[in-house]
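Text of the file model_37.cif, holding mmCIF, C-alpha atoms and all ligand atoms:
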```
data_query
loop_
_atom_site.label_atom_id
_atom_site.label_comp_id
_atom_site.auth_asym_id
_atom_site.auth_seq_id
_atom_site.Cartn_x
_atom_site.Cartn_y
_atom_site.Cartn_z
CA MET I 74 193.93 36.39 89.61
CA ASP I 75 197.25 34.63 89.11
CA THR I 76 197.21 31.97 91.80
CA GLY I 77 201.00 32.03 91.76
CA LYS I 78 201.06 28.33 92.51
CA GLY I 79 199.71 27.08 89.21
CA GLY I 80 196.85 25.53 91.18
CA ARG I 81 193.10 25.84 90.85
CA LYS I 82 191.30 28.75 92.43
CA LEU I 83 189.86 28.05 95.88
CA VAL I 84 186.20 28.65 96.72
CA ILE I 85 184.97 28.41 100.33
CA VAL I 86 181.27 27.68 100.91
CA SER I 87 179.50 28.16 104.26
CA GLY I 88 176.45 26.04 105.03
CA ALA I 89 177.82 23.24 102.85
CA SER I 90 176.58 20.28 104.92
CA ARG I 91 173.28 20.14 103.00
CA GLY I 92 170.84 22.01 100.80
CA ILE I 93 171.99 24.79 98.49
CA GLY I 94 175.47 25.06 100.03
CA PHE I 95 176.13 21.34 99.58
CA ALA I 96 174.84 21.38 96.00
CA LEU I 97 176.94 24.41 95.05
CA ALA I 98 180.08 23.07 96.74
CA GLU I 99 179.67 19.71 95.04
CA ARG I 100 179.03 21.19 91.58
CA LEU I 101 181.76 23.85 91.80
CA SER I 102 184.30 21.24 92.84
CA ASN I 103 184.76 20.11 89.22
CA THR I 104 186.17 23.57 88.37
CA TYR I 105 187.52 24.92 91.65
CA ASP I 106 189.17 23.59 94.76
CA VAL I 107 186.29 23.79 97.22
CA VAL I 108 186.29 23.81 101.01
CA GLY I 109 182.84 23.64 102.56
CA PHE I 110 181.99 24.05 106.22
CA ALA I 111 179.09 23.96 108.67
CA ARG I 112 178.35 22.64 112.15
CA GLN I 113 177.46 19.07 111.17
CA GLU I 114 178.95 16.61 108.68
CA PRO I 115 177.14 16.16 105.34
CA LYS I 116 174.88 13.09 105.30
CA GLU I 117 176.10 12.16 101.79
CA PRO I 118 179.66 11.60 100.55
CA CYS I 119 181.14 14.68 98.93
CA ASN I 120 183.85 15.51 96.38
CA PHE I 121 184.96 18.66 98.18
CA GLN I 122 186.95 19.12 101.37
CA PHE I 123 184.59 19.56 104.31
CA VAL I 124 185.20 20.96 107.79
CA SER I 125 182.53 20.36 110.46
CA GLY I 126 182.11 21.99 113.87
CA VAL I 127 182.19 25.56 112.58
CA ASP I 128 179.30 27.75 113.74
CA VAL I 129 179.13 30.97 111.69
CA THR I 130 177.79 32.87 114.71
CA ASP I 131 181.05 32.16 116.54
CA LYS I 132 183.64 34.52 115.04
CA THR I 133 186.47 32.82 116.92
CA ALA I 134 185.47 29.48 115.37
CA VAL I 135 185.33 31.02 111.90
CA LYS I 136 188.80 32.54 112.43
CA GLU I 137 190.13 29.20 113.67
CA PHE I 138 188.69 27.50 110.56
CA ALA I 139 190.28 30.14 108.30
CA ARG I 140 193.67 29.71 109.98
CA LYS I 141 193.69 26.04 109.01
CA ILE I 142 193.00 26.70 105.31
CA ASP I 143 195.72 27.57 102.80
CA THR I 144 194.18 30.73 101.34
CA ALA I 145 197.00 31.49 98.86
CA ASN I 146 194.60 30.59 96.02
CA LEU I 147 191.42 31.86 97.66
CA TRP I 148 189.16 33.37 94.99
CA GLY I 149 185.57 32.89 96.11
CA VAL I 150 183.50 32.97 99.30
CA VAL I 151 179.91 31.75 98.98
CA ALA I 152 177.88 32.43 102.13
CA CYS I 153 174.99 29.96 102.17
CA ALA I 154 174.60 29.24 105.89
CA GLY I 155 171.18 30.45 106.94
CA ILE I 156 168.06 29.54 108.89
CA ALA I 157 164.38 30.41 108.60
CA SER I 158 161.21 30.16 110.63
CA MET I 159 157.74 31.24 109.55
CA ASN I 160 155.71 32.90 112.26
CA HIS I 161 153.32 35.83 112.54
CA PHE I 162 155.41 38.53 114.21
CA LEU I 163 153.21 38.42 117.31
CA SER I 164 153.94 34.75 117.88
CA MET I 165 157.66 34.67 117.08
CA PRO I 166 159.50 33.46 120.21
CA ASP I 167 162.29 35.85 121.26
CA ALA I 168 164.88 33.09 121.18
CA THR I 169 163.94 32.18 117.57
CA ARG I 170 164.06 35.82 116.52
CA ASP I 171 167.51 36.26 118.07
CA LYS I 172 168.82 33.06 116.47
CA ILE I 173 167.62 34.00 112.98
CA VAL I 174 169.28 37.42 113.18
CA ASP I 175 172.41 35.87 114.67
CA VAL I 176 172.89 33.30 111.88
CA ASN I 177 171.59 35.30 108.92
CA PHE I 178 173.22 38.63 109.75
CA HIS I 179 176.07 38.14 112.24
CA GLY I 180 176.95 34.81 110.64
CA VAL I 181 177.24 36.35 107.19
CA ALA I 182 179.24 39.29 108.58
CA ASN I 183 181.63 36.92 110.38
CA VAL I 184 182.24 34.80 107.28
CA VAL I 185 182.61 37.78 104.94
CA GLU I 186 184.89 39.70 107.29
CA VAL I 187 187.19 36.83 108.23
CA LEU I 188 187.49 35.26 104.77
CA GLY I 189 187.27 38.60 102.94
CA LYS I 190 190.68 39.45 104.42
CA GLY I 191 192.10 36.55 102.42
CA LEU I 192 190.60 37.96 99.22
CA ILE I 193 192.04 41.40 100.00
CA LYS I 194 195.45 39.81 100.57
CA ASN I 195 195.14 38.07 97.18
CA LYS I 196 194.09 41.39 95.59
CA GLY I 197 190.99 40.00 93.97
CA GLY I 198 188.08 37.65 94.33
CA ARG I 199 184.37 37.21 94.72
CA ILE I 200 181.97 37.22 97.63
CA ILE I 201 178.49 35.80 96.96
CA VAL I 202 175.82 35.91 99.66
CA LEU I 203 172.47 34.09 99.62
CA SER I 204 169.47 36.27 100.42
CA THR I 205 165.84 35.50 99.53
CA ILE I 206 162.86 36.69 97.46
CA ALA I 207 161.09 37.12 100.81
CA VAL I 208 162.84 40.52 100.95
CA PRO I 209 161.30 42.12 97.83
CA LEU I 210 158.00 40.21 98.25
CA LEU I 211 157.62 41.32 101.90
CA LEU I 212 156.16 37.90 102.66
CA GLU I 213 153.79 37.67 105.60
CA GLY I 214 155.09 35.32 108.27
CA GLU I 215 158.68 36.06 107.28
CA ALA I 216 159.17 39.43 108.99
CA VAL I 217 162.20 38.38 111.02
CA TYR I 218 163.72 36.16 108.32
CA ALA I 219 163.35 38.83 105.62
CA ALA I 220 164.58 41.57 107.96
CA SER I 221 167.69 39.55 108.83
CA LYS I 222 168.37 39.05 105.10
CA SER I 223 167.72 42.76 104.40
CA ALA I 224 170.38 43.59 106.98
CA ALA I 225 172.79 41.20 105.26
CA GLU I 226 171.93 42.73 101.86
CA THR I 227 172.69 46.28 103.03
CA TYR I 228 175.91 45.06 104.64
CA VAL I 229 177.00 43.36 101.40
CA LYS I 230 176.20 46.40 99.24
CA ILE I 231 178.22 48.70 101.50
CA ILE I 232 181.20 46.39 101.83
CA ALA I 233 181.13 46.02 98.02
CA ASN I 234 182.04 49.72 97.92
CA GLU I 235 184.72 49.24 100.56
CA LEU I 236 186.27 46.24 98.74
CA GLY I 237 186.41 47.84 95.30
CA GLU I 238 189.96 49.14 95.65
CA TRP I 239 191.24 45.56 95.94
CA GLY I 240 189.27 44.26 92.95
CA VAL I 241 187.10 42.14 95.24
CA THR I 242 183.41 42.04 94.31
CA ALA I 243 180.45 41.26 96.59
CA ASN I 244 177.07 40.29 95.19
CA LEU I 245 173.76 38.79 96.32
CA ILE I 246 171.52 36.03 95.03
CA ARG I 247 167.86 35.93 96.08
CA PRO I 248 166.46 32.43 95.42
CA GLY I 249 162.78 31.59 95.46
CA PRO I 250 161.55 28.40 97.14
CA THR I 251 164.19 25.70 96.58
CA ASP I 252 163.76 22.04 97.60
CA THR I 253 165.91 21.74 100.73
CA ASP I 254 165.38 21.08 104.46
CA LEU I 255 164.72 24.79 104.88
CA LEU I 256 161.52 24.43 102.88
CA ALA I 257 160.40 21.35 104.80
CA GLY I 258 158.84 23.57 107.47
CA LEU I 259 156.33 24.92 104.95
CA THR I 260 153.20 23.24 103.63
CA ASP I 261 152.76 22.77 99.86
CA GLU I 262 150.03 25.43 100.03
CA GLN I 263 152.45 27.92 101.62
CA VAL I 264 155.07 27.23 98.96
CA ASP I 265 152.47 27.54 96.17
CA ALA I 266 151.33 30.87 97.63
CA ILE I 267 154.89 32.22 97.40
CA ILE I 268 155.37 30.94 93.86
CA SER I 269 152.04 32.51 92.79
CA LYS I 270 153.54 35.91 93.69
CA GLN I 271 156.56 35.34 91.39
CA THR I 272 156.65 36.54 87.78
CA LEU I 273 158.03 33.18 86.61
CA LYS I 274 156.00 30.62 88.49
CA ARG I 275 158.24 27.74 89.46
CA LYS I 276 160.65 26.76 92.20
CA THR I 277 164.33 27.71 92.07
CA THR I 278 166.58 24.75 91.24
CA PHE I 279 170.20 23.97 92.08
CA ASP I 280 170.91 24.37 88.33
CA ASP I 281 169.60 27.96 88.46
CA LEU I 282 171.79 28.74 91.45
CA GLU I 283 174.88 27.02 90.07
CA GLY I 284 174.63 29.06 86.86
CA ILE I 285 174.45 32.38 88.68
CA CYS I 286 177.15 31.43 91.12
CA ARG I 287 179.51 30.38 88.31
CA PHE I 288 178.77 33.67 86.54
CA PHE I 289 179.59 35.78 89.60
CA LEU I 290 182.81 33.77 90.03
CA SER I 291 183.81 34.21 86.37
CA ASP I 292 186.11 36.78 84.74
CA GLU I 293 183.08 38.07 82.81
CA ALA I 294 181.57 39.35 86.08
CA ALA I 295 184.67 41.36 87.03
CA LEU I 296 182.84 44.70 86.87
CA LEU I 297 179.71 43.59 88.71
CA THR I 298 179.59 44.42 92.38
CA GLY I 299 176.94 45.32 94.94
CA GLN I 300 174.40 43.66 92.63
CA THR I 301 171.38 41.60 93.60
CA LEU I 302 170.06 38.90 91.29
CA THR I 303 166.47 38.03 92.16
CA LEU I 304 165.15 34.72 90.83
CA GLY I 305 161.69 34.48 89.34
CA LEU I 306 160.75 38.14 89.88
CA SER I 307 160.78 40.97 87.35
CA GLY I 308 162.20 44.40 88.17
N1 LIG O 401 165.60 26.70 100.34
C1 LIG O 401 164.96 27.81 100.01
O1 LIG O 401 163.80 27.77 99.61
C2 LIG O 401 165.67 29.14 100.10
C3 LIG O 401 165.05 30.24 99.50
C4 LIG O 401 165.66 31.48 99.57
C5 LIG O 401 166.87 31.63 100.21
N2 LIG O 401 167.46 30.54 100.80
C6 LIG O 401 168.73 30.76 101.49
O2 LIG O 401 169.70 29.88 100.97
C7 LIG O 401 170.64 29.54 101.99
C8 LIG O 401 170.78 28.03 102.07
O3 LIG O 401 169.51 27.51 102.49
P1 LIG O 401 169.11 25.99 102.30
O4 LIG O 401 167.79 25.97 101.70
O5 LIG O 401 170.21 25.26 101.67
O6 LIG O 401 168.95 25.57 103.83
P2 LIG O 401 169.26 24.17 104.56
O7 LIG O 401 169.06 23.05 103.63
O8 LIG O 401 168.49 24.23 105.83
O9 LIG O 401 170.84 24.27 104.87
C9 LIG O 401 171.30 25.29 105.70
C10 LIG O 401 172.80 25.18 105.81
O10 LIG O 401 173.25 26.21 106.69
C11 LIG O 401 174.04 25.62 107.71
N3 LIG O 401 173.92 26.36 108.96
C12 LIG O 401 172.80 26.71 109.63
N4 LIG O 401 173.11 27.35 110.75
C13 LIG O 401 174.47 27.41 110.80
C14 LIG O 401 175.40 27.91 111.74
N5 LIG O 401 175.01 28.54 112.86
N6 LIG O 401 176.73 27.80 111.46
C15 LIG O 401 177.15 27.17 110.34
N7 LIG O 401 176.31 26.67 109.41
C16 LIG O 401 174.99 26.78 109.66
C17 LIG O 401 173.51 24.20 107.85
O11 LIG O 401 174.51 23.34 108.37
P3 LIG O 401 174.58 22.79 109.88
O12 LIG O 401 173.17 22.68 110.38
O13 LIG O 401 175.30 21.49 109.70
O14 LIG O 401 175.41 23.81 110.60
C18 LIG O 401 173.24 23.84 106.40
O15 LIG O 401 174.43 23.41 105.78
C19 LIG O 401 170.12 30.18 103.28
O16 LIG O 401 170.82 31.37 103.51
C20 LIG O 401 168.67 30.46 102.98
O17 LIG O 401 168.18 31.54 103.71
C21 LIG O 401 166.89 29.30 100.75
#
```

Would you give me this structure, written as structure tokens?
Amino acid sequence: MDTGKGGRKLVIVSGASRGIGFALAERLSNTYDVVGFARQEPKEPCNFQFVSGVDVTDKTAVKEFARKIDTANLWGVVACAGIASMNHFLSMPDATRDKIVDVNFHGVANVVEVLGKGLIKNKGGRIIVLSTIAVPLLLEGEAVYAASKSAAETYVKIIANELGEWGVTANLIRPGPTDTDLLAGLTDEQVDAIISKQTLKRKTTFDDLEGICRFFLSDEAALLTGQTLTLGLSG
């Protein structure tokens, strides 16, 4: 993509107030202009531009956020915003179930649809969406979480086909357990049980995720779309 302005390419990261989104936004900011957003402010200082008060489940808020950003150089959209809750399906409160689906599916769809229009306008770019190894592992206790991510995965694979004519790619990353607040709800035993099901038996790190994200954003990944990279699992 020729940015036309001689500037750096712009990457927008949802869920950038903490965890994986914060780490990716911070690390990518030495190569790209990065705008991160979420509902709350990050607790640590950051090197990227950050916009708070944006709830991904509120499409109007996402549109309002997008209107305020100069998207002339927009190249990448990394959808990290997500929530999880481990419960046996019989004891999952309805409100929790609805919220998980709302953030992990509708939230992703809102971000991808609103910001994807900027990539189409620029006739090129990359969409990267965070899923989870809970999908292929069919983890007990994660029925709603994994189902919400499965919905997002199918959505991304279909829109990858629809975006091809503009040279925009859309791909998925499935991390294993990664040290963030999201994992804090699990005991060490629960985390170990997940890792024991992996082929490569260790946690996912921010370095792992940065490497894959940079690859999907690179020119070398121009012909990869609708792909899912699963961390720590064979096949
Ligand atoms: N950590 C893991 O072990 C792991 C494993 C596999 C997949 N993942 C996936 O990786 C992604 C990032 O997870 P994480 O571990 O970094 O989680 P995290 O530390 O809990 O951070 C979640 C991020 O999402 C944002 N967010 C949540 N609800 C939002 C909403 N309604 N609107 C806007 N932003 C919202 C949060 O910001 P605010 O609260 O400020 O809005 C925060 O920035 C998620 O999609 C998760 O499913 C994580």

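Distances here use only C-alpha atoms; by that measure, the residue among I:Asn234, I:Thr133, I:Asn120, I:Ser307 closest to Thr272 (chain I) is I:Ser307.
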
>> Neighbours of ligand LIG 401 (chain O) at 7 Å or closer, counting all atoms listed in the file: which residues, as a PyMOL selection string?
In response: chain I and resi 87-95+111-114+127-130+153-157+176-177+180+203-206+247-256

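With CA of Val217 (chain I) on one side and CA of Leu306 (chain I) on the other, the separation reads 21.2 Å.
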
> When you draw a straight line from CA of Cys119 (chain I) to CA of Thr242 (chain I), how long is it in Å?
Replying inline: 27.8 Å

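Candidate residues I:Ile285, I:Val86, I:Ala294, I:Leu304 were compared for distance to Val208 (chain I), and the nearest is I:Leu304, using all atoms listed in the file.
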
Find the nearest atom pair between each residue of region 208-295 of chain I and region 185-195 of chain I for residues within 9 Å, count all atoms listed in the file, give distances in Å to one decimal, sort rows by chain and ascending number, and present the table as JSON lines.
```
{"residue": "I:Val229", "atom": "CA", "partner": "I:Val185", "partner_atom": "CA", "distance": 8.7}
{"residue": "I:Leu236", "atom": "CA", "partner": "I:Ile193", "partner_atom": "CA", "distance": 7.6}
{"residue": "I:Trp239", "atom": "CA", "partner": "I:Ile193", "partner_atom": "CA", "distance": 5.9}
{"residue": "I:Gly240", "atom": "CA", "partner": "I:Ile193", "partner_atom": "CA", "distance": 8.1}
{"residue": "I:Val241", "atom": "CA", "partner": "I:Leu192", "partner_atom": "CA", "distance": 6.8}
```

Store the residues picked out above in a file with C-alpha atoms, as an mmCIF file, in the coordinates of the input.
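Result file out01.cif:
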```cif
data_model
loop_
_atom_site.group_PDB
_atom_site.id
_atom_site.type_symbol
_atom_site.label_atom_id
_atom_site.label_comp_id
_atom_site.auth_asym_id
_atom_site.auth_seq_id
_atom_site.Cartn_x
_atom_site.Cartn_y
_atom_site.Cartn_z
ATOM 1 C CA VAL I 229 177.000 43.360 101.400
ATOM 2 C CA LEU I 236 186.270 46.240 98.740
ATOM 3 C CA TRP I 239 191.240 45.560 95.940
ATOM 4 C CA GLY I 240 189.270 44.260 92.950
ATOM 5 C CA VAL I 241 187.100 42.140 95.240
#
```

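Nearest-residue note for Cys286 (chain I): choosing from I:Val184, I:Leu211, I:Ala139, I:Leu101, the minimum distance belongs to I:Leu101, counting only C-alpha atoms.
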
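From CA of Tyr218 (chain I) back to CA of His161 (chain I), the distance works out to 11.2 Å.
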
> Within 6 Å of region 167-175 of chain I, counting only C-alpha atoms, which residues qualify if same-chain residues fewer than 3 places away don't, as a VMD selection string?
Replying inline: chain I and resid 178 to 179 221
